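Text of my_file_4.pdb (PDB, C-alpha atoms, pLDDT in the B column) as supplied:
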```
MODEL        1
ATOM      1  CA  MET A 104      45.040  96.071 -63.938  1.00 47.00           C
ATOM      2  CA  ALA A 105      46.304  92.765 -62.574  1.00 52.00           C
ATOM      3  CA  ALA A 106      49.846  93.917 -63.285  1.00 51.00           C
ATOM      4  CA  SER A 107      49.346  97.181 -61.402  1.00 50.00           C
ATOM      5  CA  ARG A 108      47.859  95.251 -58.476  1.00 52.00           C
ATOM      6  CA  ARG A 109      50.894  92.974 -58.580  1.00 51.00           C
ATOM      7  CA  ASP A 110      53.234  96.010 -58.658  1.00 48.00           C
ATOM      8  CA  SER A 111      51.557  97.481 -55.597  1.00 48.00           C
ATOM      9  CA  ARG A 112      52.275  94.260 -53.731  1.00 55.00           C
ATOM     10  CA  VAL A 113      56.031  94.423 -54.347  1.00 55.00           C
ATOM     11  CA  GLY A 114      57.784  94.215 -51.003  1.00 63.00           C
ATOM     12  CA  GLN A 115      54.717  92.709 -49.289  1.00 79.00           C
ATOM     13  CA  ASP A 116      54.767  89.091 -48.181  1.00 82.00           C
ATOM     14  CA  VAL A 117      52.041  87.796 -50.528  1.00 85.00           C
ATOM     15  CA  LEU A 118      52.873  84.209 -49.583  1.00 87.00           C
ATOM     16  CA  ARG A 119      51.900  84.709 -45.946  1.00 84.00           C
ATOM     17  CA  ARG A 120      48.353  83.488 -46.570  1.00 83.00           C
ATOM     18  CA  VAL A 121      48.785  80.947 -49.360  1.00 86.00           C
ATOM     19  CA  GLY A 122      49.706  78.002 -47.146  1.00 89.00           C
ATOM     20  CA  GLU A 123      52.699  75.785 -46.659  1.00 92.00           C
ATOM     21  CA  ALA A 124      52.102  73.664 -49.770  1.00 95.00           C
ATOM     22  CA  SER A 125      52.315  76.688 -52.074  1.00 96.00           C
ATOM     23  CA  VAL A 126      55.539  77.900 -50.469  1.00 96.00           C
ATOM     24  CA  LEU A 127      57.104  74.430 -50.779  1.00 97.00           C
ATOM     25  CA  ILE A 128      56.073  74.276 -54.446  1.00 97.00           C
ATOM     26  CA  LEU A 129      57.688  77.658 -55.116  1.00 97.00           C
ATOM     27  CA  ILE A 130      60.877  76.561 -53.349  1.00 97.00           C
ATOM     28  CA  SER A 131      60.937  73.389 -55.427  1.00 98.00           C
ATOM     29  CA  LEU A 132      60.324  75.297 -58.683  1.00 98.00           C
ATOM     30  CA  ALA A 133      63.102  77.735 -57.778  1.00 97.00           C
ATOM     31  CA  GLY A 134      65.436  74.830 -58.603  1.00 96.00           C
ATOM     32  CA  GLY A 135      63.985  74.505 -62.135  1.00 96.00           C
ATOM     33  CA  PRO A 136      60.748  73.605 -63.960  1.00 97.00           C
ATOM     34  CA  LYS A 137      58.971  70.427 -62.795  1.00 96.00           C
ATOM     35  CA  HIS A 138      55.713  68.574 -63.378  1.00 95.00           C
ATOM     36  CA  GLY A 139      53.407  67.258 -60.641  1.00 95.00           C
ATOM     37  CA  TYR A 140      55.091  63.945 -59.889  1.00 95.00           C
ATOM     38  CA  ALA A 141      58.584  65.506 -59.807  1.00 96.00           C
ATOM     39  CA  LEU A 142      57.277  68.241 -57.484  1.00 97.00           C
ATOM     40  CA  ILE A 143      55.857  65.690 -55.021  1.00 97.00           C
ATOM     41  CA  GLN A 144      59.128  63.719 -55.032  1.00 97.00           C
ATOM     42  CA  ASP A 145      61.292  66.835 -54.633  1.00 97.00           C
ATOM     43  CA  ILE A 146      59.187  68.254 -51.770  1.00 97.00           C
ATOM     44  CA  LYS A 147      59.282  64.898 -49.982  1.00 96.00           C
ATOM     45  CA  GLU A 148      63.060  64.945 -50.265  1.00 96.00           C
ATOM     46  CA  LEU A 149      63.663  68.570 -49.288  1.00 94.00           C
ATOM     47  CA  ALA A 150      61.062  69.033 -46.537  1.00 96.00           C
ATOM     48  CA  ASP A 151      59.955  65.490 -45.638  1.00 95.00           C
ATOM     49  CA  VAL A 152      56.392  66.515 -46.490  1.00 95.00           C
ATOM     50  CA  GLU A 153      54.152  64.183 -48.523  1.00 94.00           C
ATOM     51  CA  LEU A 154      51.960  66.453 -50.590  1.00 95.00           C
ATOM     52  CA  GLY A 155      48.646  64.866 -51.612  1.00 95.00           C
ATOM     53  CA  PRO A 156      47.828  65.196 -55.332  1.00 96.00           C
ATOM     54  CA  GLY A 157      44.625  67.128 -54.575  1.00 96.00           C
ATOM     55  CA  THR A 158      46.554  69.610 -52.443  1.00 96.00           C
ATOM     56  CA  LEU A 159      49.192  69.903 -55.162  1.00 97.00           C
ATOM     57  CA  TYR A 160      46.761  70.851 -57.929  1.00 96.00           C
ATOM     58  CA  GLY A 161      44.896  73.266 -55.643  1.00 95.00           C
ATOM     59  CA  ALA A 162      48.151  75.037 -54.806  1.00 96.00           C
ATOM     60  CA  LEU A 163      49.305  75.054 -58.451  1.00 96.00           C
ATOM     61  CA  ASP A 164      46.022  76.674 -59.540  1.00 94.00           C
ATOM     62  CA  ARG A 165      46.284  79.304 -56.783  1.00 93.00           C
ATOM     63  CA  LEU A 166      49.911  80.141 -57.603  1.00 96.00           C
ATOM     64  CA  GLU A 167      49.099  80.374 -61.304  1.00 95.00           C
ATOM     65  CA  ARG A 168      46.155  82.691 -60.590  1.00 93.00           C
ATOM     66  CA  LEU A 169      48.504  84.912 -58.578  1.00 93.00           C
ATOM     67  CA  GLY A 170      50.957  84.968 -61.490  1.00 96.00           C
ATOM     68  CA  LEU A 171      53.700  83.397 -59.373  1.00 97.00           C
ATOM     69  CA  ILE A 172      54.140  80.329 -61.608  1.00 97.00           C
ATOM     70  CA  GLU A 173      53.297  79.519 -65.234  1.00 96.00           C
ATOM     71  CA  PRO A 174      52.698  76.291 -67.133  1.00 94.00           C
ATOM     72  CA  LEU A 175      55.075  75.259 -69.887  1.00 94.00           C
ATOM     73  CA  PRO A 176      53.936  73.390 -73.010  1.00 91.00           C
ATOM     74  CA  ALA A 177      52.791  69.853 -72.109  1.00 82.00           C
ATOM     75  CA  ASP A 178      55.308  67.078 -72.512  1.00 78.00           C
ATOM     76  CA  ASP A 179      53.480  63.762 -72.993  1.00 77.00           C
ATOM     77  CA  ARG A 180      50.350  64.301 -70.854  1.00 78.00           C
ATOM     78  CA  ARG A 181      52.129  66.277 -68.145  1.00 84.00           C
ATOM     79  CA  HIS A 182      52.414  70.040 -67.746  1.00 88.00           C
ATOM     80  CA  PRO A 183      55.699  71.236 -66.288  1.00 95.00           C
ATOM     81  CA  TYR A 184      55.505  74.502 -64.342  1.00 97.00           C
ATOM     82  CA  ARG A 185      58.116  77.171 -63.814  1.00 97.00           C
ATOM     83  CA  ILE A 186      58.448  80.002 -61.343  1.00 97.00           C
ATOM     84  CA  THR A 187      57.907  83.519 -62.767  1.00 97.00           C
ATOM     85  CA  ALA A 188      59.917  86.644 -61.892  1.00 97.00           C
ATOM     86  CA  PRO A 189      57.174  87.920 -59.504  1.00 96.00           C
ATOM     87  CA  GLY A 190      57.094  84.410 -58.015  1.00 96.00           C
ATOM     88  CA  ALA A 191      60.828  84.462 -57.332  1.00 97.00           C
ATOM     89  CA  ALA A 192      60.544  87.954 -55.794  1.00 96.00           C
ATOM     90  CA  ALA A 193      57.618  86.879 -53.590  1.00 96.00           C
ATOM     91  CA  LEU A 194      59.527  83.793 -52.448  1.00 97.00           C
ATOM     92  CA  ARG A 195      62.556  85.929 -51.580  1.00 96.00           C
ATOM     93  CA  VAL A 196      60.407  88.308 -49.484  1.00 95.00           C
ATOM     94  CA  HIS A 197      58.709  85.390 -47.718  1.00 96.00           C
ATOM     95  CA  LEU A 198      61.981  83.598 -46.928  1.00 96.00           C
ATOM     96  CA  ASP A 199      63.467  86.865 -45.585  1.00 95.00           C
ATOM     97  CA  SER A 200      60.441  87.260 -43.335  1.00 94.00           C
ATOM     98  CA  LEU A 201      60.744  83.652 -42.111  1.00 94.00           C
ATOM     99  CA  GLU A 202      64.435  84.208 -41.434  1.00 96.00           C
ATOM    100  CA  ARG A 203      63.689  87.279 -39.313  1.00 95.00           C
ATOM    101  CA  VAL A 204      61.048  85.401 -37.295  1.00 94.00           C
ATOM    102  CA  SER A 205      63.349  82.407 -36.915  1.00 96.00           C
ATOM    103  CA  ALA A 206      66.242  84.587 -35.679  1.00 96.00           C
ATOM    104  CA  ALA A 207      63.964  86.353 -33.179  1.00 96.00           C
ATOM    105  CA  GLY A 208      62.699  82.994 -31.916  1.00 95.00           C
ATOM    106  CA  ARG A 209      66.211  81.635 -31.438  1.00 94.00           C
ATOM    107  CA  LEU A 210      67.284  84.800 -29.642  1.00 94.00           C
ATOM    108  CA  ARG A 211      64.342  84.590 -27.242  1.00 94.00           C
ATOM    109  CA  LEU A 212      65.050  80.946 -26.521  1.00 93.00           C
ATOM    110  CA  GLN A 213      68.649  81.890 -25.777  1.00 90.00           C
ATOM    111  CA  LEU A 214      67.690  84.811 -23.545  1.00 89.00           C
ATOM    112  CA  GLY A 215      65.114  82.693 -21.739  1.00 86.00           C
ATOM    113  CA  GLY A 216      67.762  80.059 -21.094  1.00 80.00           C
ATOM    114  CA  ILE A 217      65.433  77.329 -22.416  1.00 73.00           C
TER     115      ILE A 217
ATOM    116  CA  MET B 169      51.224  47.138 -61.437  1.00 55.00           C
ATOM    117  CA  TYR B 170      47.681  47.751 -62.755  1.00 64.00           C
ATOM    118  CA  ASP B 171      44.973  47.545 -60.147  1.00 78.00           C
ATOM    119  CA  PRO B 172      41.542  48.113 -61.745  1.00 83.00           C
ATOM    120  CA  GLN B 173      39.867  48.715 -58.381  1.00 86.00           C
ATOM    121  CA  ALA B 174      42.380  51.425 -57.414  1.00 87.00           C
ATOM    122  CA  THR B 175      42.076  53.019 -60.844  1.00 88.00           C
ATOM    123  CA  ARG B 176      38.276  53.041 -60.576  1.00 91.00           C
ATOM    124  CA  LEU B 177      38.463  54.642 -57.123  1.00 92.00           C
ATOM    125  CA  VAL B 178      40.740  57.436 -58.344  1.00 94.00           C
ATOM    126  CA  GLU B 179      38.666  57.979 -61.509  1.00 94.00           C
ATOM    127  CA  THR B 180      35.530  58.311 -59.388  1.00 94.00           C
ATOM    128  CA  ALA B 181      37.235  60.942 -57.228  1.00 96.00           C
ATOM    129  CA  LEU B 182      38.454  62.808 -60.331  1.00 96.00           C
ATOM    130  CA  ARG B 183      34.909  62.900 -61.712  1.00 96.00           C
ATOM    131  CA  CYS B 184      33.929  65.041 -58.700  1.00 96.00           C
ATOM    132  CA  TYR B 185      35.992  67.981 -60.027  1.00 96.00           C
ATOM    133  CA  PRO B 186      34.366  70.714 -62.110  1.00 95.00           C
ATOM    134  CA  ALA B 187      34.504  70.082 -65.888  1.00 94.00           C
ATOM    135  CA  ARG B 188      36.897  72.973 -66.531  1.00 92.00           C
ATOM    136  CA  TRP B 189      39.355  71.456 -64.008  1.00 93.00           C
ATOM    137  CA  ARG B 190      39.074  67.987 -65.601  1.00 94.00           C
ATOM    138  CA  ARG B 191      39.714  69.427 -69.061  1.00 92.00           C
ATOM    139  CA  ARG B 192      42.844  71.106 -67.754  1.00 90.00           C
ATOM    140  CA  HIS B 193      44.324  68.608 -65.286  1.00 92.00           C
ATOM    141  CA  GLY B 194      42.265  65.410 -65.658  1.00 93.00           C
ATOM    142  CA  ASP B 195      44.679  63.338 -67.774  1.00 92.00           C
ATOM    143  CA  GLU B 196      47.731  64.483 -65.862  1.00 93.00           C
ATOM    144  CA  ALA B 197      46.043  63.818 -62.506  1.00 95.00           C
ATOM    145  CA  ALA B 198      45.237  60.234 -63.577  1.00 94.00           C
ATOM    146  CA  VAL B 199      48.860  59.667 -64.676  1.00 93.00           C
ATOM    147  CA  LEU B 200      50.128  61.151 -61.409  1.00 95.00           C
ATOM    148  CA  ALA B 201      47.809  58.877 -59.380  1.00 95.00           C
ATOM    149  CA  ALA B 202      49.064  55.817 -61.299  1.00 94.00           C
ATOM    150  CA  LEU B 203      52.685  56.776 -60.551  1.00 94.00           C
ATOM    151  CA  LEU B 204      51.944  57.338 -56.853  1.00 95.00           C
ATOM    152  CA  ILE B 205      50.097  53.988 -56.608  1.00 94.00           C
ATOM    153  CA  ARG B 206      53.093  52.325 -58.274  1.00 94.00           C
ATOM    154  CA  ASP B 207      55.312  53.896 -55.571  1.00 93.00           C
ATOM    155  CA  GLY B 208      53.154  52.355 -52.842  1.00 92.00           C
ATOM    156  CA  THR B 209      50.797  55.221 -51.923  1.00 93.00           C
ATOM    157  CA  PRO B 210      47.384  53.728 -51.002  1.00 94.00           C
ATOM    158  CA  ALA B 211      44.742  54.430 -53.650  1.00 94.00           C
ATOM    159  CA  GLY B 212      42.302  55.382 -50.892  1.00 94.00           C
ATOM    160  CA  SER B 213      44.464  58.252 -49.655  1.00 95.00           C
ATOM    161  CA  ILE B 214      44.977  59.499 -53.231  1.00 96.00           C
ATOM    162  CA  ALA B 215      41.223  59.397 -53.845  1.00 96.00           C
ATOM    163  CA  LEU B 216      40.593  61.187 -50.553  1.00 96.00           C
ATOM    164  CA  SER B 217      43.093  63.903 -51.460  1.00 96.00           C
ATOM    165  CA  TYR B 218      41.385  64.370 -54.834  1.00 97.00           C
ATOM    166  CA  LEU B 219      37.953  64.492 -53.168  1.00 96.00           C
ATOM    167  CA  ALA B 220      39.116  67.253 -50.812  1.00 95.00           C
ATOM    168  CA  GLY B 221      40.671  69.053 -53.792  1.00 95.00           C
ATOM    169  CA  ALA B 222      37.391  68.738 -55.720  1.00 96.00           C
ATOM    170  CA  ALA B 223      35.462  70.301 -52.834  1.00 95.00           C
ATOM    171  CA  ARG B 224      37.940  73.189 -52.776  1.00 92.00           C
ATOM    172  CA  ALA B 225      37.746  73.577 -56.564  1.00 92.00           C
ATOM    173  CA  TRP B 226      33.940  73.915 -56.391  1.00 93.00           C
ATOM    174  CA  LEU B 227      34.079  76.395 -53.529  1.00 90.00           C
ATOM    175  CA  THR B 228      36.921  78.587 -54.804  1.00 79.00           C
ATOM    176  CA  PRO B 229      35.543  81.584 -56.693  1.00 72.00           C
ATOM    177  CA  ARG B 230      37.226  81.909 -60.065  1.00 66.00           C
ATOM    178  CA  PRO B 231      37.621  85.054 -62.175  1.00 64.00           C
ATOM    179  CA  GLY B 232      34.359  85.759 -63.992  1.00 61.00           C
ATOM    180  CA  ARG B 233      32.259  83.969 -61.373  1.00 59.00           C
ATOM    181  CA  PRO B 234      31.381  86.469 -58.665  1.00 58.00           C
ATOM    182  CA  LEU B 235      31.594  85.549 -54.997  1.00 56.00           C
ATOM    183  CA  SER B 236      27.812  85.938 -54.742  1.00 58.00           C
ATOM    184  CA  THR B 237      27.367  82.862 -56.978  1.00 60.00           C
ATOM    185  CA  VAL B 238      29.419  80.801 -54.561  1.00 59.00           C
ATOM    186  CA  ALA B 239      27.503  82.273 -51.625  1.00 60.00           C
ATOM    187  CA  CYS B 240      24.198  81.378 -53.347  1.00 59.00           C
ATOM    188  CA  ALA B 241      25.381  77.807 -53.958  1.00 61.00           C
ATOM    189  CA  LEU B 242      26.325  77.476 -50.280  1.00 60.00           C
ATOM    190  CA  LEU B 243      22.991  78.988 -49.228  1.00 63.00           C
ATOM    191  CA  VAL B 244      21.025  76.541 -51.401  1.00 61.00           C
ATOM    192  CA  ALA B 245      23.044  73.642 -49.962  1.00 62.00           C
ATOM    193  CA  ALA B 246      22.446  74.879 -46.407  1.00 66.00           C
ATOM    194  CA  CYS B 247      18.709  75.355 -47.076  1.00 61.00           C
ATOM    195  CA  SER B 248      18.317  71.864 -48.531  1.00 61.00           C
ATOM    196  CA  LEU B 249      20.089  70.460 -45.479  1.00 61.00           C
ATOM    197  CA  GLY B 250      17.723  72.478 -43.258  1.00 65.00           C
ATOM    198  CA  VAL B 251      14.663  71.204 -45.119  1.00 57.00           C
ATOM    199  CA  SER B 252      15.887  67.618 -44.774  1.00 59.00           C
ATOM    200  CA  ALA B 253      16.442  68.128 -41.057  1.00 62.00           C
ATOM    201  CA  GLY B 254      12.980  69.724 -40.782  1.00 63.00           C
ATOM    202  CA  LEU B 255      11.379  66.734 -42.496  1.00 57.00           C
ATOM    203  CA  LEU B 256      13.255  64.272 -40.327  1.00 57.00           C
ATOM    204  CA  ALA B 257      12.643  66.025 -36.998  1.00 62.00           C
ATOM    205  CA  PRO B 258       8.805  65.482 -36.733  1.00 60.00           C
ATOM    206  CA  ALA B 259       9.198  61.832 -37.685  1.00 57.00           C
ATOM    207  CA  ALA B 260      11.874  61.374 -35.040  1.00 58.00           C
ATOM    208  CA  SER B 261       9.839  63.121 -32.324  1.00 61.00           C
ATOM    209  CA  ALA B 262       6.727  61.091 -33.253  1.00 62.00           C
ATOM    210  CA  ARG B 263       8.774  57.920 -32.966  1.00 60.00           C
ATOM    211  CA  ALA B 264      10.137  59.068 -29.608  1.00 60.00           C
ATOM    212  CA  ALA B 265       6.610  59.862 -28.355  1.00 61.00           C
ATOM    213  CA  SER B 266       5.253  56.451 -29.378  1.00 60.00           C
ATOM    214  CA  THR B 267       8.193  54.762 -27.659  1.00 55.00           C
ATOM    215  CA  SER B 268       7.607  56.659 -24.398  1.00 53.00           C
ATOM    216  CA  GLN B 269       3.853  55.842 -24.493  1.00 54.00           C
ATOM    217  CA  ALA B 270       4.638  52.180 -24.993  1.00 50.00           C
ATOM    218  CA  HIS B 271       6.796  52.228 -21.862  1.00 50.00           C
ATOM    219  CA  GLY B 272       4.251  54.062 -19.701  1.00 47.00           C
ATOM    220  CA  SER B 273       5.481  57.201 -17.977  1.00 46.00           C
ATOM    221  CA  THR B 274       9.128  56.680 -18.831  1.00 44.00           C
ATOM    222  CA  HIS B 275       9.535  60.410 -19.521  1.00 45.00           C
ATOM    223  CA  CYS B 276       9.421  60.897 -15.762  1.00 43.00           C
ATOM    224  CA  ARG B 277      12.951  60.166 -14.804  1.00 48.00           C
ATOM    225  CA  PRO B 278      13.116  58.097 -11.610  1.00 48.00           C
ATOM    226  CA  GLY B 279      16.086  59.980 -10.236  1.00 47.00           C
ATOM    227  CA  SER B 280      14.651  63.485 -10.762  1.00 47.00           C
ATOM    228  CA  PRO B 281      13.177  65.334  -7.791  1.00 50.00           C
ATOM    229  CA  ALA B 282       9.388  65.847  -7.675  1.00 50.00           C
ATOM    230  CA  PRO B 283       8.452  69.376  -8.741  1.00 49.00           C
ATOM    231  CA  VAL B 284       6.525  71.623  -6.413  1.00 48.00           C
ATOM    232  CA  PRO B 285       3.364  73.044  -8.097  1.00 49.00           C
ATOM    233  CA  GLY B 286       3.701  76.690  -8.987  1.00 45.00           C
ATOM    234  CA  VAL B 287       7.431  76.731  -8.382  1.00 46.00           C
ATOM    235  CA  ILE B 288       9.832  76.607 -11.300  1.00 47.00           C
ATOM    236  CA  PRO B 289      12.945  74.860 -10.097  1.00 45.00           C
ATOM    237  CA  ALA B 290      14.943  75.327 -13.303  1.00 45.00           C
ATOM    238  CA  MET B 291      14.669  77.708 -16.232  1.00 45.00           C
ATOM    239  CA  GLY B 292      15.102  74.882 -18.744  1.00 42.00           C
ATOM    240  CA  ARG B 293      11.607  73.291 -18.607  1.00 45.00           C
ATOM    241  CA  PRO B 294       9.035  75.854 -17.440  1.00 44.00           C
ATOM    242  CA  GLN B 295       6.181  74.587 -19.680  1.00 45.00           C
ATOM    243  CA  VAL B 296       6.523  71.018 -18.452  1.00 44.00           C
ATOM    244  CA  ILE B 297       6.407  72.066 -14.809  1.00 43.00           C
ATOM    245  CA  ILE B 298       3.282  74.221 -15.360  1.00 43.00           C
ATOM    246  CA  TRP B 299       1.509  71.431 -17.250  1.00 45.00           C
ATOM    247  CA  GLU B 300       2.349  68.909 -14.542  1.00 43.00           C
ATOM    248  CA  ALA B 301       1.176  71.277 -11.812  1.00 43.00           C
ATOM    249  CA  ARG B 302      -2.175  71.889 -13.568  1.00 46.00           C
ATOM    250  CA  HIS B 303      -2.883  68.164 -13.924  1.00 47.00           C
ATOM    251  CA  GLY B 304      -1.729  67.285 -10.442  1.00 44.00           C
ATOM    252  CA  ARG B 305       0.945  64.995 -11.770  1.00 46.00           C
ATOM    253  CA  SER B 306       4.362  64.489 -10.441  1.00 43.00           C
ATOM    254  CA  CYS B 307       7.113  62.210 -11.515  1.00 40.00           C
TER     255      CYS B 307
ENDMDL
END
```
Now that the file is in, can you turn its structure into structure tokens?
Amino acid sequence: MAASRRDSRVGQDVLRRVGEASVLILISLAGGPKHGYALIQDIKELADVELGPGTLYGALDRLERLGLIEPLPADDRRHPYRITAPGAAALRVHLDSLERVSAAGRLRLQLGGI
Amino acid sequence: MYDPQATRLVETALRCYPARWRRRHGDEAAVLAALLIRDGTPAGSIALSYLAGAARAWLTPRPGRPLSTVACALLVAACSLGVSAGLLAPAASARAASTSQAHGSTHCRPGSPAPVPGVIPAMGRPQVIIWEARHGRSC
């Protein structure tokens, strides 16, 4: 049932309401599996955003519930996570949507002469 | 660098999470906090982030726990807050009354205009005006 619900969402921007932290985590995981500490470091580097550990785990739980990421077997005491195929598709849709909004914004700034 | 006070602070914050969360992420979260403290992140901000995360973890409905359970928990919390406020309010008003009696007629503000009997100048205090008019008092 969850799979059919997921299928019906194909093409929709499911990341619109999950928050910035979740999107940044997906972008970071698109570069390969990472555990919590590596995610925080990577996101700080790529977006200059310092993700708090509480925010990180909240977002990881939400993304896992949505089937957009999955945990890998624990190495030491840390669980690496990787992006799933639906996660990659959702990220692609979301980034396309952001690109469209960004282009429209730039165009309006240009037309307004600001 | 091992700082027992920082570790205790983070452990206290982690204990606020639901048990299922601690079973799943507890060890990893403690390791992550230690690494962040080593990098120079203040333990207080880590603990605060975990506290906010714990509040979210308690409030987020999970599969198998219907939304009504969460709503009930919130309702109980709101009711207990209401009861506490209800218990505190009479005590506070009694204290206020005894203070005003001790200072004579301090409830009559010196700057306020004297009310005219039978006329209600403002909609905010009709009972007070009527009482004052009946007893021939004015501020």
Report, in Å to a single decimal, how far apart atom CA of Arg119 of chain A and atom CA of His197 of chain A are.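 Rounded to one decimal, the two atoms are 7.1 Å apart.
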Select all residues from chain B having any atom no more than 12 Å from an atom of chain A (counting all atoms listed in the file, ignoring ligands), output as a PyMOL selection string. chain B and resi 178+181-182+184-185+189-207+209-231
Atom CA of Leu127 of chain A to atom CA of Thr175 of chain B, straight-line distance in Å: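 Computing it gives 28.0 Å between the two atoms.
Minimum atom-to-atom distance to Gly135 of chain A, evaluated using all atoms listed in the file, belongs to A:Ile186 out of A:Val121, A:Ala207, A:Ala193, A:Ile186.
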Using only C-alpha atoms, determine which residues lie at most 9 Å from Leu129 of chain A, disregarding the query and same-chain residues fewer than 6 positions distant; provide the list as a ChimeraX atom specification. /A:166,171-172,185-186,190-191,194
Which one of A:Val196, A:Ile146, A:Leu169, A:Ile217 sits closest to Leu132 of chain A if you count all atoms listed in the file? A:Ile146
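Here atom CA of Arg120 of chain A stands at a distance of 15.5 Å from atom CA of Asp199 of chain A.
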I want to know what sits within 9 Å of Pro183 of chain A, based on all atoms listed in the file, with residues of the same chain fewer than 4 positions away left out; could you give that as a VMD selection string? chain A and resid 136 to 139 173 to 178
